[in-house]
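**Q** The file below is final.cif, mmCIF, C-alpha atoms and all ligand atoms:
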```
data_work
loop_
_atom_site.group_PDB
_atom_site.id
_atom_site.type_symbol
_atom_site.label_atom_id
_atom_site.label_comp_id
_atom_site.auth_asym_id
_atom_site.auth_seq_id
_atom_site.Cartn_x
_atom_site.Cartn_y
_atom_site.Cartn_z
ATOM 1 C CA MET A 1 8.978 -21.111 -12.758
ATOM 2 C CA ALA A 2 12.686 -21.725 -12.806
ATOM 3 C CA SER A 3 13.104 -20.653 -9.236
ATOM 4 C CA VAL A 4 10.828 -23.457 -8.156
ATOM 5 C CA THR A 5 13.263 -25.905 -9.629
ATOM 6 C CA ALA A 6 16.136 -24.069 -8.038
ATOM 7 C CA LEU A 7 14.374 -24.270 -4.710
ATOM 8 C CA VAL A 8 13.537 -27.946 -4.689
ATOM 9 C CA GLY A 9 14.623 -28.148 -1.147
ATOM 10 C CA ILE A 10 15.214 -24.489 -0.583
ATOM 11 C CA VAL A 11 18.604 -25.105 0.870
ATOM 12 C CA ALA A 12 19.456 -27.958 -1.434
ATOM 13 C CA ALA A 13 21.033 -25.523 -3.839
ATOM 14 C CA SER A 14 22.802 -23.676 -1.119
ATOM 15 C CA VAL A 15 25.960 -23.930 0.845
ATOM 16 C CA ALA A 16 26.075 -24.347 4.555
ATOM 17 C CA LEU A 17 28.842 -22.280 6.068
ATOM 18 C CA ALA A 18 30.337 -24.391 8.751
ATOM 19 C CA THR A 19 31.177 -22.005 11.465
ATOM 20 C CA PRO A 20 29.374 -21.461 14.717
ATOM 21 C CA SER A 21 30.324 -17.832 14.547
ATOM 22 C CA VAL A 22 28.343 -17.105 11.409
ATOM 23 C CA THR A 23 25.554 -14.687 12.065
ATOM 24 C CA ASN A 24 22.836 -13.063 10.085
ATOM 25 C CA THR A 25 23.518 -9.901 8.244
ATOM 26 C CA VAL A 26 22.073 -6.679 9.413
ATOM 27 C CA ALA A 27 22.068 -3.375 7.707
ATOM 28 C CA ALA A 28 24.776 -1.074 8.803
ATOM 29 C CA HIS A 29 24.064 2.583 8.819
ATOM 30 C CA SER A 30 25.643 5.775 7.843
ATOM 31 C CA SER A 31 24.378 9.257 7.943
ATOM 32 C CA HIS A 32 24.976 12.467 6.164
ATOM 33 C CA ALA A 33 22.858 15.502 5.546
ATOM 34 C CA THR A 34 22.487 17.589 2.433
ATOM 35 C CA PHE A 35 21.485 21.179 3.036
ATOM 36 C CA THR A 36 19.899 23.419 0.465
ATOM 37 C CA LYS A 37 19.143 27.143 0.851
ATOM 38 C CA ALA A 38 16.371 27.173 3.367
ATOM 39 C CA VAL A 39 15.226 23.623 3.564
ATOM 40 C CA ALA A 40 17.313 21.006 5.227
ATOM 41 C CA ARG A 41 16.859 17.687 3.489
ATOM 42 C CA VAL A 42 18.089 15.028 5.807
ATOM 43 C CA PRO A 43 18.176 11.610 4.226
ATOM 44 C CA ALA A 44 17.042 8.816 6.448
ATOM 45 C CA ALA A 45 20.174 7.475 8.083
ATOM 46 C CA LYS A 46 19.063 3.877 8.038
ATOM 47 C CA ALA A 47 17.049 1.606 5.842
ATOM 48 C CA ARG A 48 13.324 1.628 6.489
ATOM 49 C CA VAL A 49 12.467 -1.518 8.438
ATOM 50 C CA VAL A 50 9.557 -3.637 7.220
ATOM 51 C CA ARG A 51 8.548 -6.493 9.504
ATOM 52 C CA VAL A 52 7.005 -9.601 8.012
ATOM 53 C CA THR A 53 5.974 -12.799 9.761
ATOM 54 C CA GLY A 54 5.430 -16.141 8.098
ATOM 55 C CA GLU A 55 3.641 -19.214 9.352
ATOM 56 C CA ASP A 56 1.969 -22.319 7.942
ATOM 57 C CA PHE A 57 0.831 -21.021 5.437
ATOM 58 C CA SER A 58 0.500 -17.264 5.267
ATOM 59 C CA PHE A 59 2.427 -14.013 5.493
ATOM 60 C CA ASN A 60 1.571 -11.096 7.720
ATOM 61 C CA ALA A 61 2.977 -7.979 6.059
ATOM 62 C CA PRO A 62 2.074 -4.417 5.128
ATOM 63 C CA ASP A 63 0.246 -3.879 1.836
ATOM 64 C CA ILE A 64 2.034 -0.644 0.925
ATOM 65 C CA VAL A 65 5.540 0.665 1.657
ATOM 66 C CA PRO A 66 7.474 3.702 0.414
ATOM 67 C CA ALA A 67 10.303 3.288 -2.091
ATOM 68 C CA GLY A 68 13.943 3.385 -1.036
ATOM 69 C CA LEU A 69 16.364 1.325 0.981
ATOM 70 C CA THR A 70 14.317 -1.221 2.903
ATOM 71 C CA GLU A 71 15.380 -3.787 5.456
ATOM 72 C CA PHE A 72 13.001 -6.728 5.512
ATOM 73 C CA ARG A 73 12.957 -8.482 8.884
ATOM 74 C CA PHE A 74 11.322 -11.837 8.489
ATOM 75 C CA LEU A 75 10.200 -13.789 11.560
ATOM 76 C CA ASN A 76 9.444 -17.442 10.893
ATOM 77 C CA LYS A 77 6.707 -18.476 13.292
ATOM 78 C CA GLY A 78 6.837 -21.997 11.840
ATOM 79 C CA PRO A 79 6.514 -24.836 12.401
ATOM 80 C CA ALA A 80 7.777 -25.338 8.829
ATOM 81 C CA LEU A 81 10.789 -23.686 7.220
ATOM 82 C CA HIS A 82 9.758 -20.516 5.377
ATOM 83 C CA HIS A 83 11.488 -17.703 3.566
ATOM 84 C CA LEU A 84 10.499 -14.327 2.187
ATOM 85 C CA ALA A 85 11.325 -14.126 -1.510
ATOM 86 C CA ILE A 86 10.613 -10.755 -3.072
ATOM 87 C CA LEU A 87 9.588 -10.552 -6.718
ATOM 88 C CA LYS A 88 9.162 -7.392 -8.765
ATOM 89 C CA LEU A 89 6.246 -7.665 -11.164
ATOM 90 C CA GLY A 90 6.774 -5.608 -14.309
ATOM 91 C CA GLY A 91 4.378 -4.603 -17.060
ATOM 92 C CA GLY A 92 1.561 -3.715 -14.672
ATOM 93 C CA LYS A 93 1.204 -7.370 -13.693
ATOM 94 C CA THR A 94 -0.352 -8.325 -10.365
ATOM 95 C CA VAL A 95 -0.146 -11.187 -7.904
ATOM 96 C CA GLU A 96 -3.197 -12.692 -9.624
ATOM 97 C CA ASP A 97 -1.197 -12.817 -12.869
ATOM 98 C CA LEU A 98 1.681 -14.350 -10.913
ATOM 99 C CA ARG A 99 -0.546 -17.052 -9.449
ATOM 100 C CA ALA A 100 -1.767 -17.930 -12.935
ATOM 101 C CA ALA A 101 1.802 -18.033 -14.266
ATOM 102 C CA LEU A 102 3.023 -20.212 -11.391
ATOM 103 C CA ALA A 103 0.308 -22.744 -12.118
ATOM 104 C CA ASN A 104 2.129 -23.585 -15.364
ATOM 105 C CA PRO A 105 5.438 -25.412 -15.397
ATOM 106 C CA GLY A 106 8.329 -23.820 -17.227
ATOM 107 C CA PRO A 107 10.525 -20.769 -16.968
ATOM 108 C CA PRO A 108 9.178 -17.653 -15.253
ATOM 109 C CA PRO A 109 7.573 -14.978 -17.394
ATOM 110 C CA ALA A 110 9.895 -12.149 -18.395
ATOM 111 C CA TRP A 111 7.924 -9.725 -16.215
ATOM 112 C CA VAL A 112 8.976 -11.514 -13.014
ATOM 113 C CA LYS A 113 12.239 -10.323 -11.458
ATOM 114 C CA GLU A 114 13.633 -12.155 -8.445
ATOM 115 C CA LEU A 115 15.216 -9.605 -6.126
ATOM 116 C CA GLY A 116 16.201 -11.746 -3.151
ATOM 117 C CA GLY A 117 14.783 -11.115 0.312
ATOM 118 C CA PRO A 118 15.474 -12.864 3.613
ATOM 119 C CA ASN A 119 16.100 -16.564 3.179
ATOM 120 C CA ALA A 120 14.818 -19.154 5.608
ATOM 121 C CA PRO A 121 15.456 -18.814 9.336
ATOM 122 C CA ALA A 122 14.628 -21.781 11.567
ATOM 123 C CA PRO A 123 11.192 -21.593 13.204
ATOM 124 C CA GLY A 124 11.266 -18.945 15.915
ATOM 125 C CA LEU A 125 14.176 -17.072 14.349
ATOM 126 C CA GLU A 126 14.341 -13.874 12.350
ATOM 127 C CA ALA A 127 16.354 -13.276 9.169
ATOM 128 C CA ASN A 128 16.879 -10.036 7.331
ATOM 129 C CA ALA A 129 17.892 -8.690 3.968
ATOM 130 C CA THR A 130 18.095 -5.114 2.733
ATOM 131 C CA LEU A 131 17.016 -4.107 -0.771
ATOM 132 C CA MET A 132 16.631 -0.882 -2.713
ATOM 133 C CA LEU A 133 12.967 -0.760 -3.749
ATOM 134 C CA GLU A 134 11.593 1.231 -6.670
ATOM 135 C CA PRO A 135 7.916 2.089 -6.960
ATOM 136 C CA GLY A 136 5.837 -0.684 -8.500
ATOM 137 C CA ASN A 137 4.094 -3.988 -7.941
ATOM 138 C CA TYR A 138 5.832 -6.684 -5.934
ATOM 139 C CA ALA A 139 4.999 -10.099 -4.561
ATOM 140 C CA LEU A 140 6.081 -11.594 -1.248
ATOM 141 C CA ILE A 141 6.282 -15.339 -1.753
ATOM 142 C CA CYS A 142 7.529 -18.585 -0.227
ATOM 143 C CA PHE A 143 8.867 -21.188 -2.656
ATOM 144 C CA VAL A 144 9.762 -23.767 -0.001
ATOM 145 C CA ASP A 145 8.393 -27.124 -1.112
ATOM 146 C CA ILE A 146 9.974 -29.648 1.238
ATOM 147 C CA GLY A 147 7.631 -32.586 1.582
ATOM 148 C CA GLY A 148 4.817 -31.326 -0.598
ATOM 149 C CA PRO A 149 3.496 -28.595 -2.848
ATOM 150 C CA PRO A 150 5.281 -25.234 -2.727
ATOM 151 C CA HIS A 151 4.031 -23.020 0.055
ATOM 152 C CA PHE A 152 2.776 -20.321 -2.310
ATOM 153 C CA ALA A 153 0.214 -22.857 -3.538
ATOM 154 C CA LYS A 154 -0.983 -23.121 0.069
ATOM 155 C CA GLY A 155 -1.357 -19.389 0.538
ATOM 156 C CA MET A 156 2.123 -17.955 1.027
ATOM 157 C CA VAL A 157 2.011 -15.253 -1.626
ATOM 158 C CA ARG A 158 0.744 -11.719 -1.245
ATOM 159 C CA PRO A 159 1.048 -8.381 -3.019
ATOM 160 C CA LEU A 160 3.229 -5.503 -1.888
ATOM 161 C CA ARG A 161 2.778 -2.092 -3.481
ATOM 162 C CA VAL A 162 5.808 0.234 -3.387
ATOM 163 C CA VAL A 163 4.893 3.897 -3.745
ATOM 164 C CA PRO A 164 7.128 6.941 -4.288
ATOM 165 C CA ALA A 165 8.721 8.114 -1.037
ATOM 166 C CA LYS A 166 8.438 11.655 0.262
ATOM 167 C CA GLY A 167 12.041 11.977 1.356
ATOM 168 C CA ALA A 168 15.379 10.719 0.144
ATOM 169 C CA SER A 169 16.313 7.105 0.587
ATOM 170 C CA ALA A 170 18.936 6.066 3.070
ATOM 171 C CA PRO A 171 22.242 5.356 1.365
ATOM 172 C CA ARG A 172 23.255 1.763 0.834
ATOM 173 C CA PRO A 173 24.924 0.319 3.923
ATOM 174 C CA ARG A 174 28.656 -0.181 3.959
ATOM 175 C CA ALA A 175 29.425 -3.862 3.686
ATOM 176 C CA ASP A 176 31.997 -5.682 5.802
ATOM 177 C CA LEU A 177 32.546 -8.121 2.978
ATOM 178 C CA THR A 178 31.135 -9.239 -0.357
ATOM 179 C CA MET A 179 29.801 -12.654 -1.220
ATOM 180 C CA LYS A 180 29.659 -13.438 -4.935
ATOM 181 C CA LEU A 181 27.332 -16.157 -6.151
ATOM 182 C CA VAL A 182 28.861 -17.855 -9.184
ATOM 183 C CA ASP A 183 27.927 -20.927 -11.243
ATOM 184 C CA TYR A 184 28.447 -22.914 -8.894
ATOM 185 C CA SER A 185 30.122 -21.640 -5.808
ATOM 186 C CA TYR A 186 30.295 -18.853 -3.257
ATOM 187 C CA LYS A 187 33.231 -16.452 -3.244
ATOM 188 C CA LEU A 188 33.898 -14.335 -0.182
ATOM 189 C CA SER A 189 36.028 -11.208 -0.336
ATOM 190 C CA SER A 190 37.270 -12.004 3.171
ATOM 191 C CA PRO A 191 36.425 -14.432 5.966
ATOM 192 C CA ILE A 192 33.258 -13.786 7.935
ATOM 193 C CA ARG A 193 34.329 -12.750 11.406
ATOM 194 C CA ALA A 194 32.205 -13.336 14.484
ATOM 195 C CA GLY A 195 29.729 -10.659 15.379
ATOM 196 C CA THR A 196 27.115 -8.677 13.545
ATOM 197 C CA ARG A 197 28.195 -8.285 9.934
ATOM 198 C CA THR A 198 26.815 -6.733 6.789
ATOM 199 C CA ILE A 199 27.421 -8.904 3.744
ATOM 200 C CA ARG A 200 26.867 -7.587 0.249
ATOM 201 C CA VAL A 201 25.517 -10.440 -1.862
ATOM 202 C CA GLN A 202 25.988 -10.245 -5.626
ATOM 203 C CA ASN A 203 24.832 -12.842 -8.112
ATOM 204 C CA VAL A 204 27.500 -12.730 -10.798
ATOM 205 C CA GLY A 205 26.490 -16.098 -12.286
ATOM 206 C CA LYS A 206 24.409 -16.785 -15.359
ATOM 207 C CA GLN A 207 21.670 -18.472 -13.372
ATOM 208 C CA HIS A 208 19.443 -17.567 -10.490
ATOM 209 C CA HIS A 209 21.099 -18.273 -7.156
ATOM 210 C CA GLU A 210 20.395 -17.971 -3.475
ATOM 211 C CA VAL A 211 22.401 -18.321 -0.306
ATOM 212 C CA GLU A 212 21.384 -19.908 2.950
ATOM 213 C CA LEU A 213 23.530 -19.748 6.066
ATOM 214 C CA VAL A 214 23.357 -22.772 8.333
ATOM 215 C CA GLN A 215 25.068 -22.980 11.687
ATOM 216 C CA LEU A 216 26.130 -26.607 11.762
ATOM 217 C CA ALA A 217 25.769 -28.631 14.934
ATOM 218 C CA PRO A 218 29.036 -29.754 16.542
ATOM 219 C CA ASN A 219 30.680 -32.456 14.418
ATOM 220 C CA ALA A 220 27.996 -32.183 11.715
ATOM 221 C CA THR A 221 29.002 -31.767 8.084
ATOM 222 C CA VAL A 222 27.366 -30.001 5.160
ATOM 223 C CA ALA A 223 26.530 -33.459 3.778
ATOM 224 C CA ASP A 224 24.765 -34.362 7.025
ATOM 225 C CA PHE A 225 22.625 -31.276 6.783
ATOM 226 C CA MET A 226 21.769 -31.790 3.108
ATOM 227 C CA LYS A 227 20.743 -35.371 3.830
ATOM 228 C CA TRP A 228 18.531 -34.271 6.715
ATOM 229 C CA LEU A 229 16.831 -31.727 4.474
ATOM 230 C CA GLU A 230 15.502 -34.450 2.229
ATOM 231 C CA LYS A 231 13.028 -35.666 4.841
ATOM 232 C CA MET A 232 13.501 -33.309 7.776
ATOM 233 C CA GLU A 233 13.044 -36.144 10.250
ATOM 234 C CA GLY A 234 14.598 -36.060 13.694
ATOM 235 C CA PRO A 235 16.610 -33.206 15.140
ATOM 236 C CA PRO A 236 18.384 -31.123 12.464
ATOM 237 C CA PRO A 237 22.194 -31.293 12.388
ATOM 238 C CA GLY A 238 22.298 -27.532 12.081
ATOM 239 C CA LYS A 239 20.306 -24.359 12.436
ATOM 240 C CA PRO A 240 19.185 -22.376 9.382
ATOM 241 C CA LEU A 241 19.875 -18.694 10.033
ATOM 242 C CA GLY A 242 18.710 -17.036 6.846
ATOM 243 C CA GLY A 243 20.553 -15.600 3.890
ATOM 244 C CA VAL A 244 19.283 -14.212 0.616
ATOM 245 C CA ALA A 245 16.493 -15.830 -1.404
ATOM 246 C CA GLY A 246 16.694 -16.359 -5.168
ATOM 247 C CA MET A 247 18.252 -13.485 -7.101
ATOM 248 C CA GLU A 248 18.423 -12.649 -10.788
ATOM 249 C CA PRO A 249 21.890 -12.765 -12.343
HETATM 250 CU CU CU B 301 6.915 -21.353 3.469
#
```
Could you render the structure from this file as structure tokens?
**A**
Amino acid sequence: MASVTALVGIVAASVALATPSVTNTVAAHSSHATFTKAVARVPAAKARVVRVTGEDFSFNAPDIVPAGLTEFRFLNKGPALHHLAILKLGGGKTVEDLRAALANPGPPPAWVKELGGPNAPAPGLEANATLMLEPGNYALICFVDIGGPPHFAKGMVRPLRVVPAKGASAPRPRADLTMKLVDYSYKLSSPIRAGTRTIRVQNVGKQHHEVELVQLAPNATVADFMKWLEKMEGPPPGKPLGGVAGMEP
């Protein structure tokens, strides 16, 4: 599928932000309550947290989650680089259909929608991304293919069923800044300041895009990191922190 091409070297299509103060995003929270006559309906104040671990080469994740605002926390147990791309499968399609489709080269079928998900943290680190999930069939998948076949071909793909939730969803978190993915650049609404920040990521381009944050080693450049990614030999000149995996325009 097209995203495989885009992810030839998952970070090869991405920008490394060269500041040691860059951190992962986390969901902010807000709370408000809506009261009706007798029944108090209190929306969840925060996104529901879904923990997923990845290793060579499988995911450990729940099979079923309720719909609504969901923060995926992805722990990479390594040793390879992994990410957690989340695909919505339309038209009643399943992960088996996805596997069959991925076996063929070419653009993805129209029933596959790339929603994002936590991009690759270095082994031992956790990355997160928050998405609004609707009921339906999803796939959790790793497209990383550095040094060999893509990881989904080795087992890193599994179904996730999203079912209607009983209560109201948490509201979307308030973002500290917005990052727009364009063809071909990243546009920030303001600088990323040190600390825990919530970044709203919007793909406003015509193509699928992703973003990967890399904390560069002292004196290392983006070019150094991109070169290292080709073979991943020796100590990396930076530390992948995560970001957002491939997203539809
Ligand atoms: Cu992987």
**Q** Per residue of chain A within 12 Å of ligand CU 301 (chain B), record the nearest atom pair and its distance in Å to one decimal, counting all atoms listed in the file, with rows in chain order and ascending residue number, as a tab-separated table.
**A**
```
residue	atom	partner	partner_atom	distance
A:Leu7	CA	B:CU301	CU	11.4
A:Gly9	CA	B:CU301	CU	11.3
A:Ile10	CA	B:CU301	CU	9.8
A:Thr53	CA	B:CU301	CU	10.7
A:Gly54	CA	B:CU301	CU	7.1
A:Glu55	CA	B:CU301	CU	7.1
A:Asp56	CA	B:CU301	CU	6.7
A:Phe57	CA	B:CU301	CU	6.4
A:Ser58	CA	B:CU301	CU	7.8
A:Phe59	CA	B:CU301	CU	8.8
A:Phe74	CA	B:CU301	CU	11.6
A:Leu75	CA	B:CU301	CU	11.6
A:Asn76	CA	B:CU301	CU	8.8
A:Lys77	CA	B:CU301	CU	10.2
A:Gly78	CA	B:CU301	CU	8.4
A:Pro79	CA	B:CU301	CU	9.6
A:Ala80	CA	B:CU301	CU	6.7
A:Leu81	CA	B:CU301	CU	5.9
A:His82	CA	B:CU301	CU	3.5
A:His83	CA	B:CU301	CU	5.9
A:Leu84	CA	B:CU301	CU	8.0
A:Ala85	CA	B:CU301	CU	9.8
A:Asn119	CA	B:CU301	CU	10.4
A:Ala120	CA	B:CU301	CU	8.5
A:Pro121	CA	B:CU301	CU	10.7
A:Ala122	CA	B:CU301	CU	11.2
A:Pro123	CA	B:CU301	CU	10.6
A:Leu140	CA	B:CU301	CU	10.9
A:Ile141	CA	B:CU301	CU	8.0
A:Cys142	CA	B:CU301	CU	4.7
A:Phe143	CA	B:CU301	CU	6.4
A:Val144	CA	B:CU301	CU	5.1
A:Asp145	CA	B:CU301	CU	7.5
A:Ile146	CA	B:CU301	CU	9.1
A:Gly147	CA	B:CU301	CU	11.4
A:Gly148	CA	B:CU301	CU	11.0
A:Pro149	CA	B:CU301	CU	10.2
A:Pro150	CA	B:CU301	CU	7.5
A:His151	CA	B:CU301	CU	4.8
A:Phe152	CA	B:CU301	CU	7.2
A:Ala153	CA	B:CU301	CU	9.8
A:Lys154	CA	B:CU301	CU	8.8
A:Gly155	CA	B:CU301	CU	9.0
A:Met156	CA	B:CU301	CU	6.4
A:Val157	CA	B:CU301	CU	9.3
```
**Q** Using all atoms listed in the file, which of the listed residues (A:Leu177, A:Leu125, A:Ile64, A:Val222) sits closest to Ser190 (chain A)?
**A**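 Nearest to Ser190 (chain A): A:Leu177.
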**Q** Quick one, how far is CA of Pro66 (chain A) from CA of Trp111 (chain A)?
**A**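 Answer for the CA of Pro66 (chain A) to CA of Trp111 (chain A) separation: 21.4 Å.
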**Q** Write out as a ChimeraX atom specification the residues lying within 6 Å of region 127-139 of chain A, counting only C-alpha atoms and excluding same-chain residues fewer than 5 positions away.
**A** /A:67-74,86-89,117-118,121,158-164,242
**Q** Could you expand the PyMOL selection byres (((chain A and resi 169) around 8) and not hetatm) into the explicit residues it covers here, written as a list in words?
**A**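 When the PyMOL selection byres (((chain A and resi 169) around 8) and not hetatm) is applied, the selected residues are Pro43, Ala44, Ala47, Ala67, Gly68, Leu69, Ala165, Gly167, Ala168, Ala170 and Pro171 of chain A.
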**Q** Please return as a list in words every residue within 9 Å of (37.1, -8.2, 3.9), taking into account only C-alpha atoms and the file's own coordinates.
**A**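 Using only C-alpha atoms, the matching residues come out as Ala175, Asp176, Leu177, Thr178, Leu188, Ser189, Ser190, Pro191 and Ile192 of chain A.
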**Q** Can you turn the PyMOL selection byres (((chain A and resi 238) around 8) and not hetatm) into a concrete residue list for this file, as a list in words?
**A**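 When the PyMOL selection byres (((chain A and resi 238) around 8) and not hetatm) is applied, the selected residues are Val214, Gln215, Leu216, Ala217, Ala220, Phe225, Pro236, Pro237, Lys239 and Pro240 of chain A.
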**Q** In Å to one decimal, how far is CA of His208 (chain A) from CA of Gly243 (chain A)?
**A** 14.6 Å
**Q** Can you measure CA of Pro249 (chain A) to CA of Asn203 (chain A) for me? One decimal in Å is fine.
**A**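 CA of Asn203 (chain A) lies at a distance of 5.2 Å from CA of Pro249 (chain A).
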